[in-house]
$ cat coords-v4.tsv   # TSV, C-alpha atoms
chain	number	residue	atom	x	y	z
A	28	MET	CA	2.28	36.15	14.05
A	29	ASN	CA	1.34	32.88	12.39
A	30	ALA	CA	3.58	31.47	9.68
A	31	ALA	CA	2.20	31.39	6.14
A	32	PRO	CA	0.72	28.00	5.21
A	33	HIS	CA	2.70	25.70	2.94
A	34	PRO	CA	1.40	26.07	-0.67
A	35	SER	CA	0.45	22.39	-0.76
A	36	SER	CA	-2.00	22.91	2.12
A	37	LEU	CA	-4.18	24.92	-0.25
A	38	LEU	CA	-4.60	22.01	-2.68
A	39	PRO	CA	-7.60	19.69	-2.96
A	40	SER	CA	-7.26	16.56	-0.86
A	41	HIS	CA	-5.18	13.89	-2.57
A	42	ARG	CA	-2.55	11.19	-2.14
A	43	LEU	CA	0.74	11.54	-3.98
A	44	SER	CA	2.90	8.77	-5.47
A	45	ILE	CA	6.38	9.56	-6.79
A	46	VAL	CA	7.76	6.99	-9.25
A	47	VAL	CA	11.52	6.88	-9.89
A	48	PRO	CA	13.00	4.25	-12.28
A	49	LEU	CA	16.59	3.36	-11.35
A	50	TYR	CA	19.29	1.54	-13.27
A	51	ASN	CA	22.81	1.42	-11.85
A	52	GLU	CA	22.35	4.59	-9.80
A	53	GLU	CA	23.87	3.35	-6.52
A	54	ASP	CA	25.63	6.66	-5.83
A	55	ASN	CA	22.49	8.71	-6.45
A	56	VAL	CA	19.90	6.76	-4.44
A	57	ALA	CA	20.63	8.09	-0.95
A	58	PRO	CA	20.88	11.76	-2.05
A	59	LEU	CA	17.69	11.33	-4.06
A	60	VAL	CA	15.70	9.96	-1.11
A	61	LYS	CA	17.07	12.73	1.09
A	62	ARG	CA	16.08	15.47	-1.37
A	63	VAL	CA	12.57	14.06	-1.84
A	64	HIS	CA	12.17	13.89	1.95
A	65	GLU	CA	13.34	17.48	2.36
A	66	ALA	CA	11.13	18.75	-0.47
A	67	LEU	CA	8.01	17.10	0.99
A	68	THR	CA	8.66	17.50	4.73
A	69	ASP	CA	5.91	20.15	5.02
A	70	TYR	CA	3.71	18.63	2.33
A	71	GLY	CA	0.16	18.68	3.60
A	72	TYR	CA	-1.02	15.33	2.22
A	73	PRO	CA	0.00	11.65	2.34
A	74	TRP	CA	2.75	10.66	-0.08
A	75	GLU	CA	4.86	7.68	-1.02
A	76	LEU	CA	8.11	7.24	-2.93
A	77	LEU	CA	8.41	4.23	-5.24
A	78	LEU	CA	11.93	3.33	-6.32
A	79	VAL	CA	11.88	0.92	-9.26
A	80	ASP	CA	15.14	-1.00	-9.60
A	81	ASP	CA	15.34	-1.98	-13.28
A	82	GLY	CA	17.60	-5.01	-12.84
A	83	SER	CA	20.64	-2.98	-11.78
A	84	SER	CA	23.97	-4.80	-11.75
A	85	ASP	CA	25.33	-2.67	-8.90
A	86	CYS	CA	24.05	-2.05	-5.35
A	87	THR	CA	21.15	0.22	-6.32
A	88	ALA	CA	18.47	-1.96	-4.69
A	89	GLU	CA	20.35	-2.32	-1.41
A	90	ARG	CA	21.17	1.38	-1.29
A	91	ALA	CA	17.47	2.12	-1.80
A	92	ALA	CA	16.47	-0.18	1.05
A	93	GLN	CA	19.13	1.35	3.30
A	94	ALA	CA	18.04	4.91	2.50
A	95	ALA	CA	14.41	4.06	3.23
A	96	ARG	CA	15.29	2.75	6.68
A	97	GLU	CA	17.57	5.70	7.41
A	98	TYR	CA	15.08	8.44	6.57
A	99	GLY	CA	12.02	6.62	7.87
A	100	THR	CA	9.81	7.68	5.00
A	101	HIS	CA	7.47	5.20	3.42
A	102	VAL	CA	9.74	4.31	0.55
A	103	ARG	CA	8.64	1.32	-1.48
A	104	LEU	CA	11.08	-0.67	-3.59
A	105	VAL	CA	9.89	-2.41	-6.75
A	106	GLU	CA	12.59	-4.78	-8.02
A	107	LEU	CA	12.39	-6.04	-11.59
A	108	THR	CA	13.95	-9.44	-12.30
A	109	ARG	CA	16.14	-8.08	-15.10
A	110	ASN	CA	16.74	-4.91	-17.06
A	111	PHE	CA	13.48	-4.24	-18.91
A	112	LYS	CA	14.48	-0.64	-19.83
A	113	GLN	CA	13.13	2.66	-18.56
A	114	THR	CA	9.66	2.55	-20.07
A	115	ALA	CA	8.81	-0.83	-18.53
A	116	ALA	CA	10.29	0.28	-15.20
A	117	MET	CA	8.13	3.38	-15.25
A	118	GLN	CA	5.07	1.28	-16.07
A	119	ALA	CA	5.88	-1.03	-13.16
A	120	GLY	CA	6.02	1.94	-10.80
A	121	VAL	CA	2.75	3.36	-12.09
A	122	ASP	CA	1.07	-0.02	-11.67
A	123	ALA	CA	2.33	-0.32	-8.09
A	124	SER	CA	1.40	3.23	-7.10
A	125	ARG	CA	-1.58	3.98	-4.87
A	126	GLY	CA	-1.88	7.74	-5.19
A	127	ASP	CA	-4.51	9.92	-6.84
A	128	VAL	CA	-1.66	11.95	-8.32
A	129	ILE	CA	1.46	10.33	-9.78
A	130	VAL	CA	4.75	12.15	-10.33
A	131	THR	CA	7.53	10.58	-12.41
A	132	MET	CA	11.15	11.68	-12.33
A	133	ASP	CA	14.64	10.41	-13.14
A	134	GLY	CA	16.90	8.97	-10.47
A	135	ASP	CA	20.09	10.72	-11.59
A	136	LEU	CA	19.44	13.90	-9.54
A	137	GLN	CA	19.07	16.03	-12.66
A	138	ASN	CA	15.41	16.57	-11.79
A	139	ASP	CA	14.86	18.55	-8.58
A	140	PRO	CA	12.20	17.24	-6.15
A	141	ILE	CA	11.59	20.81	-4.95
A	142	ASP	CA	9.55	21.31	-8.14
A	143	ILE	CA	7.10	18.51	-7.28
A	144	PRO	CA	4.61	20.56	-5.19
A	145	ARG	CA	4.46	23.24	-7.88
A	146	LEU	CA	3.64	20.72	-10.64
A	147	VAL	CA	1.05	18.99	-8.47
A	148	GLY	CA	-0.46	22.33	-7.49
A	149	ARG	CA	-0.96	23.37	-11.07
A	150	LEU	CA	-2.34	19.94	-11.99
A	151	LEU	CA	-5.04	20.08	-9.31
A	152	ASN	CA	-5.82	23.79	-9.22
A	153	GLU	CA	-6.18	24.12	-13.00
A	154	ASP	CA	-8.02	20.80	-13.42
A	155	LEU	CA	-5.40	19.33	-15.76
A	156	ASP	CA	-4.56	15.71	-16.55
A	157	LEU	CA	-0.82	16.22	-17.07
A	158	VAL	CA	1.72	18.89	-16.22
A	159	ALA	CA	5.03	18.22	-17.97
A	160	GLY	CA	8.33	19.67	-16.81
A	161	TRP	CA	10.18	22.03	-19.14
A	162	ARG	CA	13.95	22.23	-18.66
A	163	GLN	CA	14.49	25.85	-19.69
A	164	ASN	CA	18.12	25.89	-18.56
A	165	ARG	CA	19.13	22.37	-19.52
A	166	GLN	CA	22.49	21.20	-18.18
A	167	ASP	CA	23.46	18.83	-21.02
A	168	GLY	CA	25.84	18.84	-23.97
A	169	LEU	CA	24.83	21.02	-26.92
A	170	LEU	CA	25.54	18.81	-29.95
A	171	LEU	CA	24.77	15.36	-28.56
A	172	ARG	CA	21.79	16.23	-26.36
A	173	LYS	CA	20.29	19.71	-26.79
A	174	VAL	CA	20.23	19.98	-30.58
A	175	PRO	CA	18.83	16.46	-31.26
A	176	SER	CA	16.32	17.03	-28.45
A	177	LYS	CA	15.04	20.29	-29.95
A	178	ILE	CA	14.64	18.70	-33.36
A	179	ALA	CA	12.84	15.70	-31.87
A	180	ASN	CA	10.55	17.88	-29.75
A	181	ARG	CA	9.44	19.92	-32.74
A	182	LEU	CA	8.90	16.82	-34.85
A	183	ILE	CA	6.87	15.08	-32.11
A	184	ALA	CA	4.77	18.19	-31.48
A	185	ARG	CA	4.05	18.59	-35.19
A	186	LEU	CA	3.10	14.95	-35.77
A	187	THR	CA	1.05	14.47	-32.60
A	188	GLY	CA	-0.55	17.88	-32.23
A	189	VAL	CA	0.46	18.11	-28.55
A	190	ARG	CA	2.47	21.33	-28.34
A	191	LEU	CA	5.11	20.84	-25.67
A	192	THR	CA	8.63	22.24	-25.64
A	193	ASP	CA	10.39	19.43	-23.78
A	194	TYR	CA	9.09	15.89	-24.30
A	195	GLY	CA	12.26	14.39	-22.87
A	196	CYS	CA	11.89	15.77	-19.34
A	197	SER	CA	10.93	12.88	-17.04
A	198	LEU	CA	9.56	15.16	-14.31
A	199	LYS	CA	5.81	15.08	-14.89
A	200	ALA	CA	2.66	15.11	-12.76
A	201	PHE	CA	-0.38	13.03	-13.79
A	202	ARG	CA	-3.83	12.22	-12.59
A	203	ALA	CA	-3.60	8.54	-11.76
A	204	THR	CA	-6.84	7.66	-13.53
A	205	VAL	CA	-5.47	9.04	-16.80
A	206	ILE	CA	-1.92	7.65	-16.76
A	207	LYS	CA	-3.21	4.23	-15.71
A	208	SER	CA	-5.59	4.14	-18.68
A	209	VAL	CA	-2.71	3.72	-21.15
A	210	ARG	CA	0.10	1.16	-21.38
A	211	LEU	CA	3.70	2.06	-22.10
A	212	TYR	CA	6.21	0.00	-24.09
A	213	GLY	CA	9.32	0.43	-26.23
A	214	GLU	CA	10.65	3.97	-25.63
A	215	MET	CA	7.13	5.30	-25.13
A	216	HIS	CA	7.90	7.07	-21.85
A	217	ARG	CA	9.19	9.89	-24.05
A	218	PHE	CA	5.82	10.22	-25.75
A	219	ILE	CA	3.54	10.07	-22.70
A	220	PRO	CA	1.92	13.48	-23.42
A	221	ALA	CA	1.08	12.37	-26.96
A	222	TRP	CA	0.04	8.94	-25.70
A	223	LEU	CA	-2.34	10.55	-23.19
A	224	ALA	CA	-3.89	12.56	-26.00
A	225	THR	CA	-5.57	9.31	-27.07
A	226	VAL	CA	-7.64	9.34	-23.86
A	227	THR	CA	-7.83	13.05	-23.02
A	228	THR	CA	-7.72	16.37	-24.83
A	229	PRO	CA	-4.53	18.41	-25.44
A	230	ARG	CA	-6.06	21.40	-23.63
A	231	ARG	CA	-5.79	19.41	-20.37
A	232	ILE	CA	-2.04	18.98	-20.92
A	233	ALA	CA	0.30	21.80	-19.87
A	234	GLN	CA	3.98	22.43	-19.22
A	235	GLU	CA	5.80	24.11	-16.34
A	236	PRO	CA	9.43	25.33	-16.16
A	237	VAL	CA	11.52	23.17	-13.82
A	238	THR	CA	15.06	23.10	-12.49
A	239	HIS	CA	17.63	20.93	-14.23
A	240	HIS	CA	21.00	19.95	-12.74
A	241	ALA	CA	24.10	18.46	-14.33
A	242	ARG	CA	24.71	14.79	-13.56
A	243	VAL	CA	27.26	14.47	-10.77
A	244	ALA	CA	27.40	10.67	-10.31
A	245	GLY	CA	26.79	7.58	-12.40
A	246	GLU	CA	26.78	7.31	-16.16
A	247	SER	CA	24.22	8.54	-18.66
A	248	LYS	CA	22.20	5.79	-20.35
A	249	TYR	CA	21.67	7.94	-23.44
A	250	GLY	CA	23.21	6.74	-26.69
A	251	ILE	CA	22.82	7.26	-30.43
A	252	SER	CA	21.01	3.90	-30.75
A	253	ARG	CA	18.22	5.27	-28.58
A	254	THR	CA	17.62	8.00	-31.17
A	255	PHE	CA	16.74	5.41	-33.81
A	256	ARG	CA	14.46	3.56	-31.40
A	257	VAL	CA	12.71	6.82	-30.59
A	258	ILE	CA	12.09	7.50	-34.29
A	259	LEU	CA	10.52	4.07	-34.76
A	260	ASP	CA	8.35	4.55	-31.68
A	261	LEU	CA	7.28	7.96	-32.96
A	262	VAL	CA	5.94	6.30	-36.11
A	263	ALA	CA	4.04	3.84	-33.92
A	264	VAL	CA	2.63	6.66	-31.76
A	265	TYR	CA	1.48	8.60	-34.81
A	266	PHE	CA	-0.23	5.55	-36.27
A	267	PHE	CA	-1.84	4.63	-32.96
A	268	MET	CA	-3.13	8.16	-32.37
A	269	ARG	CA	-4.65	8.37	-35.84
A	270	PHE	CA	-5.94	4.82	-36.25
A	271	ARG	CA	-6.08	3.32	-32.75
A	272	ALA	CA	-9.71	2.20	-32.93
A	273	ARG	CA	-9.90	1.79	-36.71
A	274	PRO	CA	-6.65	0.38	-38.14
A	275	GLY	CA	-8.65	-1.24	-40.93
A	276	HIS	CA	-9.39	2.22	-42.32
A	277	PHE	CA	-5.68	2.87	-42.79
A	278	PHE	CA	-4.69	-0.44	-44.38
A	279	GLY	CA	-8.02	-0.89	-46.12
A	280	GLY	CA	-7.84	2.61	-47.61
A	281	ILE	CA	-4.44	1.92	-49.14
A	282	GLY	CA	-5.66	-1.49	-50.34
A	283	LEU	CA	-8.76	-0.06	-52.02
A	284	LEU	CA	-6.70	2.66	-53.71
A	285	LEU	CA	-4.22	0.12	-55.09
A	286	THR	CA	-6.89	-2.31	-56.27
A	287	SER	CA	-8.88	0.50	-57.89
A	288	LEU	CA	-5.89	1.86	-59.80
A	289	SER	CA	-4.78	-1.66	-60.74
A	290	SER	CA	-8.29	-2.47	-61.99
A	291	LEU	CA	-8.20	0.57	-64.25
A	292	VAL	CA	-4.78	-0.44	-65.61
A	293	LEU	CA	-5.80	-4.07	-66.16
A	294	GLY	CA	-9.12	-2.99	-67.70
A	295	TRP	CA	-7.34	-0.75	-70.17
A	296	LEU	CA	-4.89	-3.54	-71.04
A	297	ALA	CA	-7.82	-5.95	-71.57
A	298	TRP	CA	-9.35	-3.48	-74.03
A	299	VAL	CA	-6.01	-3.20	-75.83
A	300	LYS	CA	-5.69	-6.99	-76.00
A	301	PHE	CA	-9.22	-7.95	-77.01
A	302	GLY	CA	-10.48	-4.73	-78.56
A	303	LEU	CA	-7.44	-3.74	-80.58
A	304	GLY	CA	-5.84	-7.16	-80.88
A	305	GLU	CA	-2.46	-5.95	-79.71
A	306	ASP	CA	0.02	-7.97	-77.69
A	307	ILE	CA	0.37	-6.85	-74.05
A	308	GLY	CA	2.64	-9.61	-72.70
A	309	SER	CA	5.77	-7.47	-72.83
A	310	ARG	CA	4.24	-4.27	-71.48
A	311	PRO	CA	5.47	-3.05	-68.07
A	312	LEU	CA	1.95	-1.91	-67.25
A	313	LEU	CA	0.85	-5.55	-67.08
A	314	LEU	CA	3.33	-6.29	-64.32
A	315	LEU	CA	2.41	-3.03	-62.60
A	316	GLY	CA	-1.29	-3.82	-62.71
A	317	VAL	CA	-0.93	-7.39	-61.46
A	318	GLY	CA	1.55	-6.34	-58.75
A	319	GLY	CA	-0.70	-3.49	-57.63
A	320	MET	CA	-3.70	-5.82	-57.42
A	321	ILE	CA	-1.79	-8.35	-55.29
A	322	ALA	CA	-0.48	-5.58	-53.01
A	323	GLY	CA	-3.98	-4.11	-52.69
A	324	VAL	CA	-5.48	-7.43	-51.64
A	325	HIS	CA	-2.61	-7.85	-49.18
A	326	PHE	CA	-3.30	-4.45	-47.58
A	327	ILE	CA	-7.02	-5.17	-47.32
A	328	THR	CA	-6.28	-8.50	-45.65
A	329	THR	CA	-3.87	-6.79	-43.26
A	330	GLY	CA	-6.58	-4.26	-42.44
A	331	VAL	CA	-9.03	-7.01	-41.53
A	332	LEU	CA	-6.43	-8.68	-39.30
A	333	ALA	CA	-5.61	-5.33	-37.70
A	334	GLU	CA	-9.30	-4.77	-36.91
A	335	ILE	CA	-9.46	-8.19	-35.25
A	336	MET	CA	-6.35	-7.43	-33.19
A	337	ALA	CA	-7.76	-4.04	-32.18
A	338	ARG	CA	-10.93	-5.71	-30.90
A	339	ILE	CA	-8.82	-8.20	-28.92
A	340	TYR	CA	-6.80	-5.30	-27.46
A	341	PHE	CA	-9.89	-3.41	-26.30
A	342	GLU	CA	-11.75	-6.44	-24.99
A	343	SER	CA	-8.97	-8.33	-23.19
A	344	GLY	CA	-6.75	-7.51	-20.22
A	345	ASN	CA	-3.35	-5.93	-20.74
A	346	ALA	CA	-0.34	-8.22	-20.68
A	347	GLN	CA	2.51	-7.35	-18.33
A	348	LEU	CA	5.66	-5.98	-19.98
A	349	TYR	CA	7.85	-6.77	-16.97
A	350	LEU	CA	8.25	-9.20	-14.07
A	351	ALA	CA	8.74	-7.86	-10.54
A	352	ARG	CA	9.92	-9.61	-7.40
A	353	PRO	CA	7.72	-9.67	-4.25
A	354	GLU	CA	7.78	-6.24	-2.63
A	355	ARG	CA	9.91	-5.69	0.47
A	356	GLN	CA	8.56	-3.82	3.50
A	357	LEU	CA	11.21	-1.16	4.02
A	358	ALA	CA	9.78	0.94	6.84
A	359	ASP	CA	7.99	0.43	10.12
A	360	ASN	CA	4.85	2.27	9.02
A	361	GLU	CA	2.48	0.13	6.97
A	362	GLY	CA	0.58	3.04	5.49
A	363	TRP	CA	1.34	6.31	3.79
A	364	ARG	CA	3.86	8.87	4.84
A	365	LYS	CA	1.55	11.18	6.77
A	366	PRO	CA	2.00	14.95	6.97
A	367	VAL	CA	3.63	16.13	10.15

$ encode --input "coords-v4.tsv" --output "structure tokens"
Amino acid sequence: MNAAPHPSSLLPSHRLSIVVPLYNEEDNVAPLVKRVHEALTDYGYPWELLLVDDGSSDCTAERAAQAAREYGTHVRLVELTRNFKQTAAMQAGVDASRGDVIVTMDGDLQNDPIDIPRLVGRLLNEDLDLVAGWRQNRQDGLLLRKVPSKIANRLIARLTGVRLTDYGCSLKAFRATVIKSVRLYGEMHRFIPAWLATVTTPRRIAQEPVTHHARVAGESKYGISRTFRVILDLVAVYFFMRFRARPGHFFGGIGLLLTSLSSLVLGWLAWVKFGLGEDIGSRPLLLLGVGGMIAGVHFITTGVLAEIMARIYFESGNAQLYLARPERQLADNEGWRKPV
């Protein structure tokens, strides 16, 4: 009796790239590479594992190189010259990837590589652009992680219109053409589903329950300061989604409203001064009208400048947000990890 085929063998032909940003994860690298290797041993298509060392101060890069040689998989190491933070490291990995499908995950072993084929399968079989992991049984602290995360997820979903339960889960599967059409900066890796909604439709974005483990080695990089950075980036994402191609409409609209209201105020004061002969020099409305007019002109000017910058953004190449060292060759095989 023949064994049942591996689920991945039923997928459309593709090449898979797995991107893992790493920062001071020396104790997690070897187990991570081993688990990815085990999860994809019977995978029916070529795949590669990209480990992005984000300027670690420990032995993360060397442990990654050692693990690649030990397991013989085509592991590629992207080494950034300093710590550019997780978003830039993820962007570096995406830029270096060669697959048709890109999977991102954390390097702290809280994401389980065994879920990768299932996410990729749903992405390809349902013709989606993104399948985001959903940590239903999250192994994190309640007050410092779970509660703030739930509040943030609801706020992000409400502001962006992309209804996902768990924006913070790094385990996601993308079509390469879609994820490579946007650029990530700041803490934007948390808003990738919303960011992708600027180039695709929310109906091509889905979520899938995934396994979540407690951290067993290394230290969490999460801190309260990151919460404030996330809030600021959320404002930027909301603005960019609403006014990406027409920022002048936003600033210009506010400017026209202010100048219109200020014109009415100043017109009425002019009638009081010259029509009724009353003194207006001490009236607060005079200061309000003049101040509103100045602010309105300022907003209109800002809108014009924003339109110019938007045109430059769309017409010029994207600047790099990181600097990587020349890539090492870590395995004997020059190509992809082929299915056995």

$ atom_distance --input "coords-v4.tsv" --atom1 "CA of Ala203 (chain A)" --atom2 "CA of Asp127 (chain A)"
5.2 Å

$ closest_residue --input "coords-v4.tsv" --among "A:Val46, A:Leu285, A:Leu146, A:Leu67" --to "Ala233 (chain A)" --atoms "all atoms listed in the file"
A:Leu146

$ closest_residue --input "coords-v4.tsv" --among "A:Leu312, A:Phe277, A:Leu150, A:Asn138" --to "Val237 (chain A)" --atoms "all atoms listed in the file"
A:Asn138

$ closest_residue --input "coords-v4.tsv" --among "A:Val264, A:Ile327, A:Leu49, A:Val292" --to "Asn110 (chain A)" --atoms "all atoms listed in the file"
A:Leu49

$ closest_residue --input "coords-v4.tsv" --among "A:Tyr265, A:Ile307, A:His240, A:Ile321" --to "Ser289 (chain A)" --atoms "all atoms listed in the file"
A:Ile321

$ atom_distance --input "coords-v4.tsv" --atom1 "CA of Phe266 (chain A)" --atom2 "CA of Ala333 (chain A)"
12.2 Å

$ atom_distance --input "coords-v4.tsv" --atom1 "CA of Gln118 (chain A)" --atom2 "CA of Pro48 (chain A)"
9.3 Å

$ closest_residue --input "coords-v4.tsv" --among "A:Val105, A:Leu296, A:Ala95, A:Leu59" --to "Tyr349 (chain A)" --atoms "all atoms listed in the file"
A:Val105

$ closest_residue --input "coords-v4.tsv" --among "A:Ser176, A:Thr108, A:Ser290, A:Thr114" --to "Leu350 (chain A)" --atoms "only C-alpha atoms"
A:Thr108

$ residues_around --input "coords-v4.tsv" --residues "Ile206 (chain A)" --least-positions-apart "6" --cutoff "10 Å" --atoms "only C-alpha atoms" --output "ChimeraX atom specification"
/A:118,121-122,128-129,156-157,200,219-220,222-223,226

$ residues_around --input "coords-v4.tsv" --residues "Leu191 (chain A)" --least-positions-apart "3" --cutoff "10 Å" --atoms "all atoms listed in the file" --output "ChimeraX atom specification"
/A:159-161,180-181,183-185,188,194,220-221,229,232-235

$ residues_around --input "coords-v4.tsv" --residues "Met320 (chain A)" --least-positions-apart "2" --cutoff "9 Å" --atoms "all atoms listed in the file" --output "ChimeraX atom specification"
/A:282,285-290,315-318,322-325

$ axis_aligned_box --input "coords-v4.tsv" --around "region 70-76 of chain A" --padding-each-side "5 Å" --output "AutoDock Vina command-line options"
--center_x 3.5 --center_y 13.0 --center_z 0.3 --size_x 19.1 --size_y 21.4 --size_z 16.5

$ residues_around --input "coords-v4.tsv" --residues "Pro58 (chain A)" --least-positions-apart "5" --cutoff "12 Å" --atoms "all atoms listed in the file" --output "list in words"
Glu52, Glu53, Val63, His64, Glu65, Arg90, Ala91, Gln93, Ala94, Ala95, Glu97, Tyr98, Gly134, Asp135, Leu136, Gln137, Asp139, Pro140, Val243 and Ala244 of chain A

$ residues_around --input "coords-v4.tsv" --residues "His276 (chain A)" --least-positions-apart "3" --cutoff "12 Å" --atoms "only C-alpha atoms" --output "PyMOL selection string"
chain A and resi 266+269-273+279-284+326-334

$ decode --input "coords-v4.tsv" --residues "region 138-161 of chain A" --atoms "N, CA and C atoms" --output "compact mmCIF listing (two decimals), in the first residue's frame"
# COMPACT_ATOMS: atom_id res chain seq x y z
N ASN A 138 7.29 30.76 17.38
CA ASN A 138 6.59 30.29 16.20
C ASN A 138 7.05 28.87 15.89
N ASP A 139 6.14 28.04 15.39
CA ASP A 139 6.48 26.64 15.10
C ASP A 139 6.57 26.44 13.59
N PRO A 140 7.74 26.03 13.07
CA PRO A 140 7.88 25.82 11.62
C PRO A 140 6.93 24.77 11.05
N ILE A 141 6.38 23.90 11.90
CA ILE A 141 5.47 22.87 11.40
C ILE A 141 4.23 23.48 10.77
N ASP A 142 3.94 24.74 11.12
CA ASP A 142 2.75 25.42 10.57
C ASP A 142 3.00 26.00 9.17
N ILE A 143 4.25 26.05 8.74
CA ILE A 143 4.58 26.70 7.47
C ILE A 143 3.85 26.07 6.29
N PRO A 144 3.90 24.74 6.09
CA PRO A 144 3.20 24.16 4.92
C PRO A 144 1.71 24.47 4.91
N ARG A 145 1.09 24.51 6.08
CA ARG A 145 -0.36 24.79 6.14
C ARG A 145 -0.66 26.22 5.69
N LEU A 146 0.15 27.19 6.13
CA LEU A 146 -0.05 28.58 5.71
C LEU A 146 0.18 28.73 4.21
N VAL A 147 1.25 28.11 3.72
CA VAL A 147 1.55 28.20 2.29
C VAL A 147 0.46 27.53 1.48
N GLY A 148 -0.02 26.39 1.96
CA GLY A 148 -1.08 25.69 1.25
C GLY A 148 -2.34 26.52 1.11
N ARG A 149 -2.72 27.19 2.18
CA ARG A 149 -3.92 28.02 2.08
C ARG A 149 -3.69 29.23 1.17
N LEU A 150 -2.48 29.80 1.24
CA LEU A 150 -2.15 30.94 0.39
C LEU A 150 -2.32 30.59 -1.09
N LEU A 151 -1.78 29.45 -1.49
CA LEU A 151 -1.79 29.08 -2.91
C LEU A 151 -3.12 28.48 -3.35
N ASN A 152 -3.70 27.64 -2.52
CA ASN A 152 -4.93 26.96 -2.92
C ASN A 152 -6.14 27.89 -2.94
N GLU A 153 -6.13 28.92 -2.10
CA GLU A 153 -7.26 29.85 -2.04
C GLU A 153 -6.97 31.15 -2.78
N ASP A 154 -5.84 31.20 -3.49
CA ASP A 154 -5.47 32.37 -4.29
C ASP A 154 -5.48 33.65 -3.44
N LEU A 155 -4.75 33.60 -2.32
CA LEU A 155 -4.63 34.74 -1.43
C LEU A 155 -3.29 35.44 -1.63
N ASP A 156 -3.17 36.64 -1.09
CA ASP A 156 -1.90 37.36 -1.13
C ASP A 156 -1.17 37.31 0.21
N LEU A 157 -1.90 37.05 1.28
CA LEU A 157 -1.31 36.97 2.61
C LEU A 157 -2.15 36.06 3.49
N VAL A 158 -1.48 35.16 4.20
CA VAL A 158 -2.12 34.38 5.26
C VAL A 158 -1.35 34.68 6.53
N ALA A 159 -2.02 35.31 7.48
CA ALA A 159 -1.38 35.72 8.74
C ALA A 159 -1.66 34.70 9.83
N GLY A 160 -0.65 34.40 10.62
CA GLY A 160 -0.82 33.50 11.74
C GLY A 160 -1.65 34.13 12.85
N TRP A 161 -2.40 33.28 13.55
CA TRP A 161 -3.26 33.73 14.65
C TRP A 161 -2.94 32.85 15.86
